[in-house]
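Source file: my_file14.pdb. Holds: PDB, C-alpha atoms.
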ATOM      1  CA  MET A 167      31.886 -32.067  -6.032
ATOM      2  CA  SER A 168      35.149 -32.502  -4.175
ATOM      3  CA  THR A 169      35.805 -35.756  -2.334
ATOM      4  CA  VAL A 170      37.039 -36.216   1.153
ATOM      5  CA  ARG A 171      38.451 -38.719   3.520
ATOM      6  CA  SER A 172      36.888 -40.515   6.371
ATOM      7  CA  MET A 173      35.772 -38.936   9.619
ATOM      8  CA  PRO A 174      37.201 -40.177  12.940
ATOM      9  CA  PHE A 175      34.058 -42.254  13.435
ATOM     10  CA  SER A 176      32.307 -44.674  11.129
ATOM     11  CA  ILE A 177      30.692 -43.005   8.099
ATOM     12  CA  MET A 178      28.118 -44.806   6.071
ATOM     13  CA  ALA A 179      27.766 -44.394   2.336
ATOM     14  CA  PRO A 180      25.137 -41.805   1.279
ATOM     15  CA  THR A 181      21.747 -43.270   2.025
ATOM     16  CA  ALA A 182      18.748 -43.019  -0.277
ATOM     17  CA  VAL A 183      15.554 -43.550   1.675
ATOM     18  CA  SER A 184      12.287 -44.312  -0.046
ATOM     19  CA  PRO A 185       9.413 -41.876   0.566
ATOM     20  CA  ALA A 186       7.236 -44.929   1.134
ATOM     21  CA  LEU A 187       9.087 -45.931   4.315
ATOM     22  CA  SER A 188       6.921 -47.333   7.092
ATOM     23  CA  HIS A 189       5.675 -44.725   9.541
ATOM     24  CA  THR A 190       5.791 -47.130  12.461
ATOM     25  CA  ALA A 191       8.963 -45.839  14.092
ATOM     26  CA  PRO A 192      10.007 -45.998  17.751
ATOM     27  CA  ALA A 193       9.579 -43.001  20.035
ATOM     28  CA  VAL A 194      11.199 -39.902  18.583
ATOM     29  CA  LEU A 195      13.100 -38.743  21.649
ATOM     30  CA  LYS A 196      13.543 -39.310  25.334
ATOM     31  CA  ARG A 197      13.528 -36.497  27.843
ATOM     32  CA  HIS A 198      16.774 -35.745  29.614
ATOM     33  CA  ALA A 199      16.639 -34.023  33.001
ATOM     34  CA  ALA A 200      20.328 -33.617  33.886
ATOM     35  CA  PRO A 201      20.855 -30.154  35.459
ATOM     36  CA  ARG A 202      23.279 -27.685  33.861
ATOM     37  CA  THR A 203      25.095 -25.084  35.935
ATOM     38  CA  SER A 204      26.584 -23.043  33.069
ATOM     39  CA  PHE A 205      26.132 -22.668  29.335
ATOM     40  CA  SER A 206      28.174 -24.737  26.927
ATOM     41  CA  PHE A 207      27.829 -26.303  23.501
ATOM     42  CA  ASP A 208      28.287 -30.014  22.943
ATOM     43  CA  PRO A 209      31.417 -31.439  21.287
ATOM     44  CA  ILE A 210      31.151 -31.356  17.507
ATOM     45  CA  GLU A 211      32.237 -35.006  17.247
ATOM     46  CA  SER A 212      29.373 -36.269  19.399
ATOM     47  CA  ALA A 213      26.926 -34.014  17.549
ATOM     48  CA  LEU A 214      27.994 -35.424  14.177
ATOM     49  CA  ALA A 215      27.642 -38.975  15.474
ATOM     50  CA  ALA A 216      24.148 -38.219  16.798
ATOM     51  CA  PHE A 217      23.124 -36.594  13.518
ATOM     52  CA  GLN A 218      24.381 -39.556  11.523
ATOM     53  CA  ALA A 219      22.288 -41.839  13.757
ATOM     54  CA  GLY A 220      19.114 -39.933  12.865
ATOM     55  CA  GLU A 221      18.834 -37.548  15.808
ATOM     56  CA  PHE A 222      17.875 -33.892  15.700
ATOM     57  CA  LEU A 223      20.531 -31.282  16.430
ATOM     58  CA  VAL A 224      19.942 -27.798  17.796
ATOM     59  CA  VAL A 225      22.127 -25.459  15.733
ATOM     60  CA  MET A 226      22.630 -21.880  16.888
ATOM     61  CA  ASP A 227      23.774 -19.063  14.652
ATOM     62  CA  SER A 228      25.563 -15.881  15.697
ATOM     63  CA  GLU A 229      23.936 -13.579  18.250
ATOM     64  CA  ASP A 230      24.616 -10.654  15.906
ATOM     65  CA  ARG A 231      22.943 -12.403  12.964
ATOM     66  CA  GLU A 232      19.534 -14.075  13.453
ATOM     67  CA  ASN A 233      20.320 -15.169  17.032
ATOM     68  CA  GLU A 234      18.087 -18.203  16.489
ATOM     69  CA  GLY A 235      18.390 -21.911  17.038
ATOM     70  CA  ASP A 236      17.149 -24.334  14.419
ATOM     71  CA  LEU A 237      16.201 -27.951  14.780
ATOM     72  CA  ILE A 238      17.997 -29.809  11.979
ATOM     73  CA  ILE A 239      17.659 -33.442  10.931
ATOM     74  CA  ALA A 240      18.706 -35.348   7.827
ATOM     75  CA  ALA A 241      15.751 -35.604   5.448
ATOM     76  CA  SER A 242      16.506 -39.291   4.897
ATOM     77  CA  HIS A 243      15.872 -39.868   8.627
ATOM     78  CA  CYS A 244      12.747 -37.710   8.896
ATOM     79  CA  THR A 245       9.870 -40.078   9.699
ATOM     80  CA  THR A 246       6.271 -38.978  10.196
ATOM     81  CA  GLU A 247       6.754 -39.061  13.983
ATOM     82  CA  LYS A 248       9.860 -36.904  13.822
ATOM     83  CA  MET A 249       8.190 -34.434  11.471
ATOM     84  CA  ALA A 250       5.175 -34.177  13.787
ATOM     85  CA  TRP A 251       7.454 -33.547  16.789
ATOM     86  CA  MET A 252       9.375 -30.921  14.822
ATOM     87  CA  ILE A 253       6.197 -29.104  13.802
ATOM     88  CA  LYS A 254       5.045 -29.040  17.426
ATOM     89  CA  HIS A 255       8.185 -27.395  18.803
ATOM     90  CA  THR A 256       9.069 -24.947  16.021
ATOM     91  CA  SER A 257       7.459 -22.154  14.047
ATOM     92  CA  GLY A 258       6.092 -24.880  11.763
ATOM     93  CA  TYR A 259       7.533 -23.271   8.628
ATOM     94  CA  ILE A 260       9.541 -26.377   7.803
ATOM     95  CA  CYS A 261      12.233 -26.006   5.144
ATOM     96  CA  ILE A 262      14.601 -28.410   3.431
ATOM     97  CA  ALA A 263      18.090 -27.362   2.362
ATOM     98  CA  LEU A 264      19.490 -28.881  -0.830
ATOM     99  CA  PRO A 265      22.550 -28.277  -3.023
ATOM    100  CA  GLY A 266      22.016 -26.105  -6.041
ATOM    101  CA  GLU A 267      22.748 -28.853  -8.551
ATOM    102  CA  ARG A 268      20.054 -31.087  -7.060
ATOM    103  CA  LEU A 269      17.504 -28.279  -7.200
ATOM    104  CA  ASN A 270      18.413 -27.744 -10.843
ATOM    105  CA  GLU A 271      17.870 -31.448 -11.540
ATOM    106  CA  LEU A 272      14.448 -31.251  -9.867
ATOM    107  CA  GLU A 273      13.589 -28.112 -11.852
ATOM    108  CA  LEU A 274      12.951 -26.034  -8.751
ATOM    109  CA  PRO A 275      13.750 -22.382  -9.563
ATOM    110  CA  MET A 276      14.027 -19.527  -7.097
ATOM    111  CA  MET A 277      10.772 -18.358  -5.553
ATOM    112  CA  VAL A 278      11.236 -14.766  -6.708
ATOM    113  CA  PRO A 279      13.599 -13.161  -9.257
ATOM    114  CA  GLU A 280      14.849 -10.554  -6.754
ATOM    115  CA  ASN A 281      15.636 -11.833  -3.261
ATOM    116  CA  GLN A 282      14.882  -9.143  -0.682
ATOM    117  CA  ASP A 283      15.250 -11.374   2.383
ATOM    118  CA  ARG A 284      17.441  -9.743   5.029
ATOM    119  CA  HIS A 285      19.914 -12.643   5.063
ATOM    120  CA  ARG A 286      19.347 -13.687   1.435
ATOM    121  CA  THR A 287      17.818 -17.021   2.394
ATOM    122  CA  ALA A 288      17.445 -18.697  -0.993
ATOM    123  CA  TYR A 289      13.836 -19.907  -1.148
ATOM    124  CA  THR A 290      12.738 -21.880  -4.183
ATOM    125  CA  VAL A 291       9.214 -22.641  -5.333
ATOM    126  CA  THR A 292       7.398 -24.855  -2.843
ATOM    127  CA  VAL A 293       6.507 -28.479  -3.510
ATOM    128  CA  ASP A 294       4.498 -31.513  -2.414
ATOM    129  CA  TYR A 295       5.305 -35.126  -3.203
ATOM    130  CA  LYS A 296       2.456 -36.311  -5.392
ATOM    131  CA  HIS A 297       2.449 -40.058  -4.705
ATOM    132  CA  GLY A 298       0.540 -41.394  -1.712
ATOM    133  CA  THR A 299      -0.146 -37.974  -0.208
ATOM    134  CA  THR A 300      -3.322 -35.911   0.204
ATOM    135  CA  THR A 301      -3.287 -32.163   0.862
ATOM    136  CA  GLY A 302       0.458 -32.062   1.537
ATOM    137  CA  ILE A 303       0.284 -30.296   4.911
ATOM    138  CA  SER A 304       0.124 -33.239   7.339
ATOM    139  CA  ALA A 305       3.239 -34.515   9.089
ATOM    140  CA  SER A 306       2.905 -37.705   7.066
ATOM    141  CA  ASP A 307       2.732 -35.834   3.765
ATOM    142  CA  ARG A 308       5.534 -33.446   4.628
ATOM    143  CA  SER A 309       7.816 -36.274   5.755
ATOM    144  CA  ALA A 310       7.081 -38.107   2.503
ATOM    145  CA  THR A 311       7.976 -34.965   0.579
ATOM    146  CA  VAL A 312      11.312 -34.394   2.315
ATOM    147  CA  ARG A 313      12.313 -38.027   1.932
ATOM    148  CA  ALA A 314      11.433 -37.862  -1.753
ATOM    149  CA  LEU A 315      13.511 -34.695  -2.148
ATOM    150  CA  ALA A 316      16.414 -36.534  -0.482
ATOM    151  CA  SER A 317      16.112 -39.539  -2.759
ATOM    152  CA  PRO A 318      18.346 -39.544  -5.861
ATOM    153  CA  ASP A 319      15.639 -41.553  -7.635
ATOM    154  CA  SER A 320      13.077 -38.736  -7.534
ATOM    155  CA  ARG A 321      12.292 -36.787 -10.684
ATOM    156  CA  PRO A 322      10.726 -33.349 -11.298
ATOM    157  CA  SER A 323       7.452 -35.034 -12.259
ATOM    158  CA  ASP A 324       7.171 -36.572  -8.768
ATOM    159  CA  PHE A 325       6.278 -33.194  -7.257
ATOM    160  CA  THR A 326       3.451 -30.699  -7.547
ATOM    161  CA  ARG A 327       4.091 -26.948  -7.403
ATOM    162  CA  PRO A 328       3.274 -24.996  -5.283
ATOM    163  CA  GLY A 329       3.175 -27.128  -2.159
ATOM    164  CA  HIS A 330       3.777 -27.219   1.579
ATOM    165  CA  MET A 331       7.510 -27.940   1.768
ATOM    166  CA  VAL A 332       9.951 -25.098   1.272
ATOM    167  CA  PRO A 333      13.240 -26.019  -0.414
ATOM    168  CA  LEU A 334      16.228 -23.763   0.226
ATOM    169  CA  ARG A 335      19.231 -23.485  -2.083
ATOM    170  CA  ALA A 336      22.437 -23.999  -0.103
ATOM    171  CA  ARG A 337      25.339 -21.907  -1.274
ATOM    172  CA  ALA A 338      28.345 -23.672  -2.830
ATOM    173  CA  GLY A 339      31.103 -24.019  -0.224
ATOM    174  CA  GLY A 340      28.647 -24.435   2.642
ATOM    175  CA  VAL A 341      29.235 -22.639   5.939
ATOM    176  CA  LEU A 342      32.664 -21.511   4.749
ATOM    177  CA  THR A 343      30.948 -19.192   2.262
ATOM    178  CA  ARG A 344      27.705 -18.409   4.115
ATOM    179  CA  MET A 345      27.260 -18.838   7.876
ATOM    180  CA  GLY A 346      23.614 -19.866   7.679
ATOM    181  CA  HIS A 347      21.379 -22.670   8.871
ATOM    182  CA  THR A 348      20.706 -23.587   5.234
ATOM    183  CA  GLU A 349      24.370 -24.355   4.590
ATOM    184  CA  SER A 350      24.728 -25.989   8.003
ATOM    185  CA  ALA A 351      21.960 -28.461   7.187
ATOM    186  CA  VAL A 352      23.599 -29.611   3.953
ATOM    187  CA  ASP A 353      27.104 -29.665   5.454
ATOM    188  CA  LEU A 354      25.917 -31.856   8.330
ATOM    189  CA  CYS A 355      24.489 -34.377   5.869
ATOM    190  CA  VAL A 356      27.603 -34.397   3.716
ATOM    191  CA  LEU A 357      29.994 -34.705   6.676
ATOM    192  CA  THR A 358      28.086 -37.731   7.959
ATOM    193  CA  GLY A 359      27.723 -39.518   4.641
ATOM    194  CA  LEU A 360      23.983 -38.956   4.280
ATOM    195  CA  SER A 361      22.036 -37.752   1.265
ATOM    196  CA  PRO A 362      22.634 -33.973   1.078
ATOM    197  CA  ALA A 363      19.193 -32.813   2.179
ATOM    198  CA  GLY A 364      18.623 -31.353   5.633
ATOM    199  CA  VAL A 365      15.273 -30.471   7.200
ATOM    200  CA  LEU A 366      15.307 -27.361   9.369
ATOM    201  CA  CYS A 367      13.063 -24.982  11.282
ATOM    202  CA  GLU A 368      13.405 -22.305  13.963
ATOM    203  CA  LEU A 369      12.744 -23.233  17.591
ATOM    204  CA  VAL A 370      10.102 -21.166  19.384
ATOM    205  CA  ASN A 371       9.281 -20.894  23.060
ATOM    206  CA  ASP A 372       6.212 -22.546  24.514
ATOM    207  CA  ASP A 373       4.653 -19.265  25.618
ATOM    208  CA  ALA A 374       1.525 -17.304  24.778
ATOM    209  CA  GLN A 375       3.347 -15.186  22.182
ATOM    210  CA  GLY A 376       5.330 -17.989  20.549
ATOM    211  CA  THR A 377       8.530 -15.982  20.957
ATOM    212  CA  MET A 378      11.743 -17.017  19.243
ATOM    213  CA  ALA A 379      14.027 -19.265  21.283
ATOM    214  CA  ARG A 380      17.380 -17.602  21.958
ATOM    215  CA  ARG A 381      20.649 -19.170  23.094
ATOM    216  CA  ASP A 382      19.750 -20.116  26.664
ATOM    217  CA  ASP A 383      16.226 -21.147  25.633
ATOM    218  CA  CYS A 384      17.727 -23.463  23.028
ATOM    219  CA  ARG A 385      20.185 -24.943  25.535
ATOM    220  CA  ALA A 386      17.356 -25.674  27.981
ATOM    221  CA  PHE A 387      15.285 -27.245  25.197
ATOM    222  CA  ALA A 388      18.182 -29.420  24.044
ATOM    223  CA  ASP A 389      18.834 -30.599  27.590
ATOM    224  CA  LYS A 390      15.162 -31.321  28.191
ATOM    225  CA  TRP A 391      15.007 -33.605  25.158
ATOM    226  CA  GLY A 392      18.517 -35.033  25.271
ATOM    227  CA  LEU A 393      19.689 -33.349  22.063
ATOM    228  CA  LYS A 394      23.147 -32.167  21.087
ATOM    229  CA  MET A 395      23.565 -28.435  20.560
ATOM    230  CA  ILE A 396      26.249 -26.816  18.408
ATOM    231  CA  SER A 397      26.751 -23.520  16.591
ATOM    232  CA  VAL A 398      27.219 -22.666  12.934
ATOM    233  CA  GLU A 399      30.652 -21.302  13.853
ATOM    234  CA  MET A 400      31.632 -24.644  15.404
ATOM    235  CA  LEU A 401      30.708 -26.401  12.172
ATOM    236  CA  ALA A 402      32.719 -23.887  10.139
ATOM    237  CA  GLU A 403      35.695 -24.285  12.456
ATOM    238  CA  TRP A 404      35.506 -28.076  12.115
ATOM    239  CA  ARG A 405      35.634 -27.724   8.343
ATOM    240  CA  ARG A 406      38.516 -25.259   8.476
ATOM    241  CA  THR A 407      40.592 -27.473  10.764
ATOM    242  CA  HIS A 408      39.709 -30.809   9.100
ATOM    243  CA  PRO A 409      40.125 -30.031   5.388
ATOM    244  CA  ASP A 410      40.941 -33.665   4.548
ATOM    245  CA  GLU A 411      37.950 -35.168   6.341
ATOM    246  CA  GLN A 412      35.003 -33.808   4.378
ATOM    247  CA  THR A 413      33.043 -34.202   1.206
ATOM    248  CA  ILE A 414      31.753 -30.849   0.103
ATOM    249  CA  ASN A 415      29.065 -30.444  -2.539
ATOM    250  CA  SER A 416      29.280 -27.510  -4.904
ATOM    251  CA  SER A 417      26.791 -26.193  -7.415
TER     252      SER A 417
END
If you took the structure in this file and wrote it as structure tokens, what would it be?
Amino acid sequence: MSTVRSMPFSIMAPTAVSPALSHTAPAVLKRHAAPRTSFSFDPIESALAAFQAGEFLVVMDSEDRENEGDLIIAASHCTTEKMAWMIKHTSGYICIALPGERLNELELPMMVPENQDRHRTAYTVTVDYKHGTTTGISASDRSATVRALASPDSRPSDFTRPGHMVPLRARAGGVLTRMGHTESAVDLCVLTGLSPAGVLCELVNDDAQGTMARRDDCRAFADKWGLKMISVEMLAEWRRTHPDEQTINSS
């Protein structure tokens, strides 16, 4: 792990959040109806500040890659209400990105010995948190699982395998080595001083076919809910141009 200096806004120390946190949280989001006349991303600085405060970000990858937008939130901030909202507006295949060394500590190996995924998304075996949960699929159970995965106090014996949460192994070097949502999720946590565990899932349109949300769909969704929207490339550019203002995990 290489250490870094402070960001231009206040950064808290990495936060470990107990899986047993109260589920009585305030409203997840407020709608935002401001009209937009042309497409643009939000400034990276305001997006990082929002993420650090526990808000979702919409993160878009390249149009010549997946051309998809993911909702991403720090696992340590993912309450039951936020998980339920995320499930409602995405494909529902909720994943959690973690550094390789943490997955090794939790004894979570790769899902298959030969990865044939088109973009080499690094799926591990799936898990459920075993304490205070039931079947593992509810928003409450899944939020407990991601918060437990984010907690440095959790041990391999705290999880059952297989389960309903899908850990992803982020590549060492983050978005500078792989321009994926997996690496973006971990980099966002690290850059904002949060436990390096990011919850992510693809946005889908609210239509009869459940089509994938593309760039303009994602912008409209972000504006509707008052979310910041950035791209993976913006995050990579921030890291390239601010080499002394980051803490990057490596495995």
### Message
Please report the interatomic distance between atom CA of Glu247 of chain A and atom CA of Lys296 of chain A in Å with one decimal.
### Response
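Those two atoms sit 20.0 Å apart.
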### Task
Rank A:Ser228, A:Thr301, A:Asn371, A:Ser350 by their smallest atom-to-atom distance to Phe387 of chain A, using all atoms listed in the file, and report the top residue only.
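Closest to Phe387 of chain A of all the choices is A:Asn371.
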Any idea what's packed within 8 Å of Ala288 of chain A, counting only C-alpha atoms, ignoring anything in its chain fewer than 4 positions away? Could you give it as a PDB file with C-alpha atoms, in the frame of the given file?
ATOM      1  CA  MET A 276      14.027 -19.527  -7.097  1.00  0.00           C
ATOM      2  CA  ASN A 281      15.636 -11.833  -3.261  1.00  0.00           C
ATOM      3  CA  LEU A 334      16.228 -23.763   0.226  1.00  0.00           C
ATOM      4  CA  ARG A 335      19.231 -23.485  -2.083  1.00  0.00           C
ATOM      5  CA  ALA A 336      22.437 -23.999  -0.103  1.00  0.00           C
TER       6      ALA A 336
END
### Task
Anything within 9 Å of (13.9, -23.8, 24.3): list those residues as a PyMOL selection string, counting only C-alpha atoms and sticking to the file's coordinates.
chain A and resi 235+255+369-372+378-388+390
Kindly save the residues from that selection, with C-alpha atoms included, as a tab-separated table (two decimals), in the frame of the given file.
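Listed below is the output, out.tsv:
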chain	number	residue	atom	x	y	z
A	235	GLY	CA	18.39	-21.91	17.04
A	255	HIS	CA	8.18	-27.40	18.80
A	369	LEU	CA	12.74	-23.23	17.59
A	370	VAL	CA	10.10	-21.17	19.38
A	371	ASN	CA	9.28	-20.89	23.06
A	372	ASP	CA	6.21	-22.55	24.51
A	378	MET	CA	11.74	-17.02	19.24
A	379	ALA	CA	14.03	-19.26	21.28
A	380	ARG	CA	17.38	-17.60	21.96
A	381	ARG	CA	20.65	-19.17	23.09
A	382	ASP	CA	19.75	-20.12	26.66
A	383	ASP	CA	16.23	-21.15	25.63
A	384	CYS	CA	17.73	-23.46	23.03
A	385	ARG	CA	20.18	-24.94	25.54
A	386	ALA	CA	17.36	-25.67	27.98
A	387	PHE	CA	15.28	-27.24	25.20
A	388	ALA	CA	18.18	-29.42	24.04
A	390	LYS	CA	15.16	-31.32	28.19
### Task
Figure out the distance between atom CA of Leu237 of chain A and atom CA of Gly258 of chain A, please, to one decimal in Å.
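Calculated distance between atom CA of Gly258 of chain A and atom CA of Leu237 of chain A is 11.0 Å.
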